[in-house]
$ cat query_39.cif   # mmCIF, C-alpha atoms
data_structure
loop_
_atom_site.group_PDB
_atom_site.id
_atom_site.type_symbol
_atom_site.label_atom_id
_atom_site.label_comp_id
_atom_site.auth_asym_id
_atom_site.auth_seq_id
_atom_site.Cartn_x
_atom_site.Cartn_y
_atom_site.Cartn_z
ATOM 1 C CA LEU X 1 52.810 -67.546 176.445
ATOM 2 C CA LEU X 2 51.599 -69.745 179.298
ATOM 3 C CA ASP X 3 52.306 -69.159 182.993
ATOM 4 C CA GLY X 4 53.834 -72.053 184.889
ATOM 5 C CA ASP X 5 50.811 -72.134 187.226
ATOM 6 C CA ASN X 6 48.351 -72.300 184.321
ATOM 7 C CA LEU X 7 47.114 -75.607 182.947
ATOM 8 C CA PRO X 8 45.214 -76.174 179.718
ATOM 9 C CA VAL X 9 42.265 -78.509 180.350
ATOM 10 C CA ARG X 10 42.428 -79.634 176.696
ATOM 11 C CA ASP X 11 44.759 -79.170 173.760
ATOM 12 C CA PRO X 12 44.989 -75.392 173.095
ATOM 13 C CA SER X 13 46.586 -75.675 169.634
ATOM 14 C CA PHE X 14 43.246 -75.004 167.905
ATOM 15 C CA LEU X 15 43.453 -71.412 169.196
ATOM 16 C CA PHE X 16 46.148 -70.665 166.606
ATOM 17 C CA HIS X 17 43.489 -71.276 163.938
ATOM 18 C CA GLU X 18 40.769 -69.116 165.490
ATOM 19 C CA PRO X 19 39.598 -66.413 163.039
ATOM 20 C CA GLY X 20 40.187 -63.572 165.530
ATOM 21 C CA PHE X 21 43.761 -64.629 166.185
ATOM 22 C CA ARG X 22 44.406 -65.166 162.464
ATOM 23 C CA ALA X 23 43.095 -61.656 161.742
ATOM 24 C CA THR X 24 45.053 -59.764 164.422
ATOM 25 C CA GLY X 25 47.960 -61.953 165.491
ATOM 26 C CA ALA X 26 47.094 -61.463 169.176
ATOM 27 C CA LEU X 27 44.541 -63.106 171.477
ATOM 28 C CA PHE X 28 43.983 -61.767 175.018
ATOM 29 C CA TRP X 29 41.777 -62.883 177.925
ATOM 30 C CA PRO X 30 39.918 -60.654 180.436
ATOM 31 C CA ASP X 31 40.744 -60.300 184.125
ATOM 32 C CA TYR X 32 38.444 -59.503 187.061
ATOM 33 C CA TRP X 33 39.456 -55.833 187.381
ATOM 34 C CA LYS X 34 39.271 -52.436 185.716
ATOM 35 C CA ILE X 35 41.750 -49.601 186.009
ATOM 36 C CA HIS X 36 40.627 -46.687 188.193
ATOM 37 C CA PRO X 37 39.455 -43.834 185.929
ATOM 38 C CA GLU X 38 41.648 -41.345 187.824
ATOM 39 C CA ASN X 39 44.844 -43.389 187.526
ATOM 40 C CA PRO X 40 47.650 -41.059 186.344
ATOM 41 C CA PHE X 41 48.829 -43.787 183.952
ATOM 42 C CA LEU X 42 45.824 -42.978 181.752
ATOM 43 C CA GLY X 43 47.552 -39.696 180.840
ATOM 44 C CA LEU X 44 49.330 -41.725 178.132
ATOM 45 C CA PHE X 45 46.020 -41.926 176.273
ATOM 46 C CA ASP X 46 43.424 -39.463 175.075
ATOM 47 C CA GLY X 47 39.977 -39.504 173.511
ATOM 48 C CA GLU X 48 38.584 -42.875 172.462
ATOM 49 C CA GLN X 49 41.717 -44.732 173.488
ATOM 50 C CA ARG X 50 41.514 -43.358 177.040
ATOM 51 C CA GLN X 51 37.836 -44.311 177.244
ATOM 52 C CA GLU X 52 38.645 -47.812 175.999
ATOM 53 C CA ALA X 53 41.363 -48.126 178.670
ATOM 54 C CA VAL X 54 38.808 -47.225 181.355
ATOM 55 C CA ASP X 55 35.882 -49.260 179.982
ATOM 56 C CA ARG X 56 37.599 -52.522 179.069
ATOM 57 C CA TRP X 57 38.348 -55.080 181.754
ATOM 58 C CA GLU X 58 42.023 -55.531 182.455
ATOM 59 C CA GLN X 59 43.889 -58.318 180.735
ATOM 60 C CA GLU X 60 44.757 -61.555 182.478
ATOM 61 C CA SER X 61 48.140 -62.643 181.190
ATOM 62 C CA GLY X 62 48.279 -66.242 182.383
ATOM 63 C CA GLN X 63 47.853 -67.153 178.729
ATOM 64 C CA ILE X 64 48.508 -64.980 175.684
ATOM 65 C CA LEU X 65 48.684 -65.900 172.024
ATOM 66 C CA ILE X 66 50.836 -63.703 169.816
ATOM 67 C CA ASP X 67 52.223 -64.097 166.323
ATOM 68 C CA ARG X 68 55.719 -62.637 166.653
ATOM 69 C CA SER X 69 56.236 -62.688 162.885
ATOM 70 C CA ARG X 70 53.827 -59.768 162.419
ATOM 71 C CA GLN X 71 55.209 -56.244 162.322
ATOM 72 C CA SER X 72 52.305 -54.904 164.439
ATOM 73 C CA VAL X 73 53.052 -57.476 167.148
ATOM 74 C CA GLN X 74 56.769 -56.637 167.131
ATOM 75 C CA VAL X 75 55.975 -52.951 167.631
ATOM 76 C CA ALA X 76 53.558 -53.796 170.468
ATOM 77 C CA ILE X 77 56.177 -55.983 172.162
ATOM 78 C CA GLN X 78 58.616 -53.062 172.116
ATOM 79 C CA ALA X 79 55.967 -50.912 173.836
ATOM 80 C CA VAL X 80 55.429 -53.705 176.399
ATOM 81 C CA LEU X 81 59.152 -53.734 177.161
ATOM 82 C CA LEU X 82 59.166 -49.960 177.708
ATOM 83 C CA LEU X 83 56.174 -50.174 180.059
ATOM 84 C CA ASN X 84 57.960 -52.753 182.221
ATOM 85 C CA ALA X 85 60.043 -49.932 183.698
ATOM 86 C CA ALA X 86 59.754 -49.387 187.454
ATOM 87 C CA PHE X 87 58.318 -45.913 186.830
ATOM 88 C CA PHE X 88 55.186 -47.326 185.147
ATOM 89 C CA MET X 89 54.829 -50.259 187.524
ATOM 90 C CA ARG X 90 53.848 -47.816 190.283
ATOM 91 C CA TYR X 91 50.593 -47.148 188.428
ATOM 92 C CA ILE X 92 49.591 -50.478 186.911
ATOM 93 C CA ASN X 93 48.955 -53.992 188.188
ATOM 94 C CA GLY X 94 52.211 -55.577 187.118
ATOM 95 C CA ASP X 95 53.457 -56.904 183.841
ATOM 96 C CA LYS X 96 50.008 -58.222 182.887
ATOM 97 C CA ASP X 97 48.865 -54.661 182.219
ATOM 98 C CA THR X 98 51.894 -53.923 180.059
ATOM 99 C CA PHE X 99 50.508 -56.204 177.351
ATOM 100 C CA ARG X 100 47.128 -54.510 177.043
ATOM 101 C CA PHE X 101 48.565 -51.009 177.254
ATOM 102 C CA GLY X 102 51.545 -51.829 175.050
ATOM 103 C CA TRP X 103 49.165 -52.988 172.331
ATOM 104 C CA MET X 104 47.109 -49.822 172.779
ATOM 105 C CA LEU X 105 50.137 -47.504 172.614
ATOM 106 C CA ALA X 106 51.338 -49.260 169.449
ATOM 107 C CA ASN X 107 47.836 -49.118 167.927
ATOM 108 C CA SER X 108 48.227 -52.832 167.233
ATOM 109 C CA PRO X 109 45.120 -54.940 166.640
ATOM 110 C CA VAL X 110 44.142 -57.579 169.180
ATOM 111 C CA THR X 111 41.271 -60.030 169.562
ATOM 112 C CA TRP X 112 39.721 -60.386 173.008
ATOM 113 C CA ILE X 113 38.011 -63.457 174.419
ATOM 114 C CA GLU X 114 34.579 -62.078 175.220
ATOM 115 C CA HIS X 115 33.716 -64.567 177.987
ATOM 116 C CA TRP X 116 34.155 -63.817 181.675
ATOM 117 C CA PRO X 117 36.701 -65.790 183.675
ATOM 118 C CA ILE X 118 35.241 -68.452 185.960
ATOM 119 C CA PRO X 119 36.212 -68.420 189.662
ATOM 120 C CA VAL X 120 37.230 -71.949 190.726
ATOM 121 C CA GLY X 121 37.795 -72.913 194.341
ATOM 122 C CA THR X 122 36.439 -74.631 197.403
ATOM 123 C CA ARG X 123 33.729 -74.120 199.940
ATOM 124 C CA LYS X 124 35.178 -71.858 202.618
ATOM 125 C CA GLU X 125 33.963 -74.011 205.494
ATOM 126 C CA ARG X 126 36.402 -76.746 204.415
ATOM 127 C CA HIS X 127 39.330 -74.692 205.760
ATOM 128 C CA ALA X 128 37.877 -71.781 207.762
ATOM 129 C CA GLN X 129 34.907 -70.949 209.938
ATOM 130 C CA GLY X 130 31.690 -69.876 208.317
ATOM 131 C CA PRO X 131 30.085 -70.519 204.948
ATOM 132 C CA GLY X 132 31.276 -69.031 201.693
ATOM 133 C CA PHE X 133 33.421 -69.640 198.662
ATOM 134 C CA CYS X 134 37.210 -69.388 198.412
ATOM 135 C CA SER X 135 38.399 -68.911 194.839
ATOM 136 C CA HIS X 136 42.010 -69.866 194.248
ATOM 137 C CA THR X 137 41.963 -70.499 190.497
ATOM 138 C CA MET X 138 40.759 -68.582 187.461
ATOM 139 C CA GLY X 139 39.086 -70.593 184.726
ATOM 140 C CA GLN X 140 39.545 -69.023 181.303
ATOM 141 C CA ARG X 141 37.400 -69.922 178.317
ATOM 142 C CA ASP X 142 37.978 -70.373 174.620
ATOM 143 C CA PRO X 143 36.225 -68.162 172.030
ATOM 144 C CA SER X 144 33.139 -70.416 172.084
ATOM 145 C CA GLY X 145 32.841 -70.177 175.892
ATOM 146 C CA ARG X 146 34.172 -73.629 176.825
ATOM 147 C CA LEU X 147 36.617 -73.938 179.730
ATOM 148 C CA GLN X 148 40.170 -73.931 178.315
ATOM 149 C CA PHE X 149 42.669 -72.974 181.049
ATOM 150 C CA LEU X 150 42.915 -73.258 184.842
ATOM 151 C CA HIS X 151 45.201 -70.502 186.111
ATOM 152 C CA HIS X 152 46.101 -71.176 189.752
ATOM 153 C CA ASN X 153 46.882 -67.498 190.277
ATOM 154 C CA ALA X 154 45.760 -67.167 193.887
ATOM 155 C CA LEU X 155 47.930 -70.010 195.182
ATOM 156 C CA LYS X 156 51.212 -68.159 194.815
ATOM 157 C CA ASP X 157 51.864 -68.092 198.572
ATOM 158 C CA ILE X 158 51.188 -71.789 199.057
ATOM 159 C CA THR X 159 54.898 -72.455 199.691
ATOM 160 C CA THR X 160 54.642 -70.462 202.922
ATOM 161 C CA LEU X 161 52.205 -72.994 204.388
ATOM 162 C CA PRO X 162 53.535 -75.542 206.883
ATOM 163 C CA LEU X 163 54.707 -78.746 205.224
ATOM 164 C CA GLY X 164 51.736 -80.995 204.444
ATOM 165 C CA GLU X 165 49.082 -78.257 204.654
ATOM 166 C CA ALA X 166 48.734 -77.420 200.942
ATOM 167 C CA TRP X 167 46.214 -80.219 200.413
ATOM 168 C CA LYS X 168 43.554 -78.090 202.120
ATOM 169 C CA TYR X 169 43.580 -75.700 199.157
ATOM 170 C CA ARG X 170 43.037 -78.219 196.389
ATOM 171 C CA SER X 171 39.600 -78.363 194.795
ATOM 172 C CA GLU X 172 37.901 -81.716 195.338
ATOM 173 C CA GLU X 173 34.223 -80.909 194.976
ATOM 174 C CA HIS X 174 32.126 -79.408 192.191
ATOM 175 C CA THR X 175 28.782 -77.682 192.644
ATOM 176 C CA SER X 176 28.174 -77.554 188.891
ATOM 177 C CA GLU X 177 29.724 -79.211 185.899
ATOM 178 C CA LEU X 178 32.048 -77.037 183.869
ATOM 179 C CA GLN X 179 31.864 -77.493 180.110
#
$ encode --input "query_39.cif" --output "structure tokens"
Amino acid sequence: LLDGDNLPVRDPSFLFHEPGFRATGALFWPDYWKIHPENPFLGLFDGEQRQEAVDRWEQESGQILIDRSRQSVQVAIQAVLLLNAAFFMRYINGDKDTFRFGWMLANSPVTWIEHWPIPVGTRKERHAQGPGFCSHTMGQRDPSGRLQFLHHNALKDITTLPLGEAWKYRSEEHTSELQ
């Protein structure tokens, strides 16, 4: 699965051959957030599973690899569909969380990319007063840590800008080279 605002920076087909994906049939990437430990949604879990839900960073679903031919993945997808109900959406951060929690509820194995996402953006002073950094894109890495995807997830409201103003939010400068 690949969001429409997410671009691979190189051919991602090798990911289907990664040992972790081959072993579990699912490959997930981390997000910037964690669920609040007092969130009522966590009542669906107990013991180690509840602690894992609190400790692990949320999942970023701009890219997901799943092998739908596996029984464990099919069961997890059914749990994901159930969690997409309006009732649950009041407690989680949208459909992205339904994947992580659906896999947990189904006790289905998953492999996680263990590298942090990379904030990508521009220097703030290019479009606002004062110094700083304005991240508009999340860089996601492959299992070896190399940049693999650019998810433009903070530019969703760009269509509300006056015609011709979107150029201000495109990255044109680099302060370090990404590998």
$ resolve_selection --input "query_39.cif" --expression "the PyMOL selection byres ((chain X and resi 141-143) around 12)" --output "PyMOL selection string"
chain X and resi 8-21+27-31+60+63-65+111-119+138-140+144-151+178-179
$ resolve_selection --input "query_39.cif" --expression "the PyMOL selection byres ((chain X and resi 68) around 12)" --output "PyMOL selection string"
chain X and resi 1+24-26+64-67+69-78
$ write_last_selection --input "query_39.cif" --atoms "C-alpha atoms" --output "JSON list (two decimals), in the coordinates of the input"
[["chain", "number", "residue", "atom", "x", "y", "z"],
["X", 1, "LEU", "CA", 52.81, -67.55, 176.44],
["X", 24, "THR", "CA", 45.05, -59.76, 164.42],
["X", 25, "GLY", "CA", 47.96, -61.95, 165.49],
["X", 26, "ALA", "CA", 47.09, -61.46, 169.18],
["X", 64, "ILE", "CA", 48.51, -64.98, 175.68],
["X", 65, "LEU", "CA", 48.68, -65.90, 172.02],
["X", 66, "ILE", "CA", 50.84, -63.70, 169.82],
["X", 67, "ASP", "CA", 52.22, -64.10, 166.32],
["X", 69, "SER", "CA", 56.24, -62.69, 162.88],
["X", 70, "ARG", "CA", 53.83, -59.77, 162.42],
["X", 71, "GLN", "CA", 55.21, -56.24, 162.32],
["X", 72, "SER", "CA", 52.30, -54.90, 164.44],
["X", 73, "VAL", "CA", 53.05, -57.48, 167.15],
["X", 74, "GLN", "CA", 56.77, -56.64, 167.13],
["X", 75, "VAL", "CA", 55.98, -52.95, 167.63],
["X", 76, "ALA", "CA", 53.56, -53.80, 170.47],
["X", 77, "ILE", "CA", 56.18, -55.98, 172.16],
["X", 78, "GLN", "CA", 58.62, -53.06, 172.12]]
$ residues_around --input "query_39.cif" --residues "X:Gly121" --least-positions-apart "5" --cutoff "7 Å" --atoms "only C-alpha atoms" --output "mmCIF file with C-alpha atoms, in the coordinates of the input"
data_model
loop_
_atom_site.group_PDB
_atom_site.id
_atom_site.type_symbol
_atom_site.label_atom_id
_atom_site.label_comp_id
_atom_site.auth_asym_id
_atom_site.auth_seq_id
_atom_site.Cartn_x
_atom_site.Cartn_y
_atom_site.Cartn_z
ATOM 1 C CA PHE X 133 33.421 -69.640 198.662
ATOM 2 C CA CYS X 134 37.210 -69.388 198.412
ATOM 3 C CA SER X 135 38.399 -68.911 194.839
ATOM 4 C CA HIS X 136 42.010 -69.866 194.248
ATOM 5 C CA THR X 137 41.963 -70.499 190.497
ATOM 6 C CA SER X 171 39.600 -78.363 194.795
#
$ closest_residue --input "query_39.cif" --among "X:Ala23, X:Phe101, X:Asn93, X:Pro40" --to "X:Arg56" --atoms "all atoms listed in the file"
X:Phe101
$ resolve_selection --input "query_39.cif" --expression "the PyMOL selection byres ((chain X and resi 123) around 6)" --output "PyMOL selection string"
chain X and resi 122+124-126+132-133
$ residues_around --input "query_39.cif" --residues "X:Glu38" --least-positions-apart "5" --cutoff "12 Å" --atoms "all atoms listed in the file" --output "list in words"
Gly43, Arg50, Gln51, Ala53, Val54 and Tyr91 of chain X
$ closest_residue --input "query_39.cif" --among "X:Leu105, X:Val110, X:Ala79, X:Gln129" --to "X:Asp46" --atoms "all atoms listed in the file"
X:Leu105
$ build_atoms --input "query_39.cif" --residues "stretch 58-84 of chain X" --atoms "N, CA, C and O atoms" --output "short mmCIF file (atom, residue, chain, number, x, y, z; two decimals), in the frame of the given file"
data_model
loop_
_atom_site.label_atom_id
_atom_site.label_comp_id
_atom_site.auth_asym_id
_atom_site.auth_seq_id
_atom_site.Cartn_x
_atom_site.Cartn_y
_atom_site.Cartn_z
N GLU X 58 40.59 -55.31 182.59
CA GLU X 58 42.02 -55.53 182.46
C GLU X 58 42.28 -56.89 181.82
O GLU X 58 41.40 -57.74 181.75
N GLN X 59 43.49 -57.07 181.38
CA GLN X 59 43.89 -58.32 180.74
C GLN X 59 44.51 -59.26 181.76
O GLN X 59 45.31 -58.86 182.58
N GLU X 60 44.16 -60.52 181.65
CA GLU X 60 44.76 -61.56 182.48
C GLU X 60 45.82 -62.22 181.61
O GLU X 60 45.53 -62.71 180.53
N SER X 61 47.05 -62.20 182.06
CA SER X 61 48.14 -62.64 181.19
C SER X 61 48.66 -64.03 181.52
O SER X 61 49.80 -64.36 181.20
N GLY X 62 47.86 -64.87 182.13
CA GLY X 62 48.28 -66.24 182.38
C GLY X 62 48.40 -67.04 181.10
O GLY X 62 49.07 -68.06 181.06
N GLN X 63 47.75 -66.57 180.05
CA GLN X 63 47.85 -67.15 178.73
C GLN X 63 47.67 -66.03 177.72
O GLN X 63 46.80 -65.19 177.86
N ILE X 64 48.56 -65.99 176.75
CA ILE X 64 48.51 -64.98 175.68
C ILE X 64 48.95 -65.67 174.40
O ILE X 64 49.93 -66.42 174.41
N LEU X 65 48.24 -65.42 173.33
CA LEU X 65 48.68 -65.90 172.02
C LEU X 65 49.12 -64.71 171.20
O LEU X 65 48.37 -63.73 171.06
N ILE X 66 50.34 -64.76 170.70
CA ILE X 66 50.84 -63.70 169.82
C ILE X 66 51.60 -64.32 168.65
O ILE X 66 52.25 -65.35 168.81
N ASP X 67 51.49 -63.68 167.52
CA ASP X 67 52.22 -64.10 166.32
C ASP X 67 53.39 -63.13 166.15
O ASP X 67 53.24 -62.05 165.59
N ARG X 68 54.55 -63.53 166.65
CA ARG X 68 55.72 -62.64 166.65
C ARG X 68 56.23 -62.29 165.25
O ARG X 68 57.03 -61.38 165.10
N SER X 69 55.76 -62.98 164.24
CA SER X 69 56.24 -62.69 162.88
C SER X 69 55.58 -61.44 162.30
O SER X 69 56.04 -60.92 161.29
N ARG X 70 54.54 -60.95 162.93
CA ARG X 70 53.83 -59.77 162.42
C ARG X 70 54.50 -58.48 162.90
O ARG X 70 54.84 -58.35 164.07
N GLN X 71 54.60 -57.54 162.00
CA GLN X 71 55.21 -56.24 162.32
C GLN X 71 54.44 -55.55 163.45
O GLN X 71 55.05 -55.00 164.37
N SER X 72 53.10 -55.58 163.40
CA SER X 72 52.30 -54.90 164.44
C SER X 72 52.55 -55.51 165.82
O SER X 72 52.56 -54.80 166.82
N VAL X 73 52.77 -56.81 165.88
CA VAL X 73 53.05 -57.48 167.15
C VAL X 73 54.45 -57.10 167.63
O VAL X 73 54.65 -56.83 168.82
N GLN X 74 55.41 -57.02 166.74
CA GLN X 74 56.77 -56.64 167.13
C GLN X 74 56.80 -55.23 167.72
O GLN X 74 57.48 -54.98 168.72
N VAL X 75 56.05 -54.32 167.11
CA VAL X 75 55.98 -52.95 167.63
C VAL X 75 55.33 -52.95 169.01
O VAL X 75 55.79 -52.29 169.94
N ALA X 76 54.24 -53.72 169.17
CA ALA X 76 53.56 -53.80 170.47
C ALA X 76 54.47 -54.37 171.54
O ALA X 76 54.49 -53.89 172.68
N ILE X 77 55.25 -55.39 171.19
CA ILE X 77 56.18 -55.98 172.16
C ILE X 77 57.22 -54.96 172.62
O ILE X 77 57.59 -54.92 173.80
N GLN X 78 57.67 -54.11 171.73
CA GLN X 78 58.62 -53.06 172.12
C GLN X 78 57.97 -52.10 173.12
O GLN X 78 58.60 -51.68 174.09
N ALA X 79 56.69 -51.77 172.89
CA ALA X 79 55.97 -50.91 173.84
C ALA X 79 55.81 -51.62 175.19
O ALA X 79 55.95 -50.99 176.24
N VAL X 80 55.54 -52.92 175.16
CA VAL X 80 55.43 -53.70 176.40
C VAL X 80 56.74 -53.63 177.18
O VAL X 80 56.73 -53.41 178.39
N LEU X 81 57.85 -53.79 176.49
CA LEU X 81 59.15 -53.73 177.16
C LEU X 81 59.39 -52.37 177.81
O LEU X 81 59.91 -52.29 178.93
N LEU X 82 59.01 -51.30 177.13
CA LEU X 82 59.17 -49.96 177.71
C LEU X 82 58.31 -49.78 178.96
O LEU X 82 58.73 -49.16 179.93
N LEU X 83 57.09 -50.33 178.92
CA LEU X 83 56.17 -50.17 180.06
C LEU X 83 56.58 -51.01 181.27
O LEU X 83 56.06 -50.80 182.36
N ASN X 84 57.50 -51.95 181.10
CA ASN X 84 57.96 -52.75 182.22
C ASN X 84 58.94 -52.01 183.12
O ASN X 84 59.48 -52.59 184.06
#
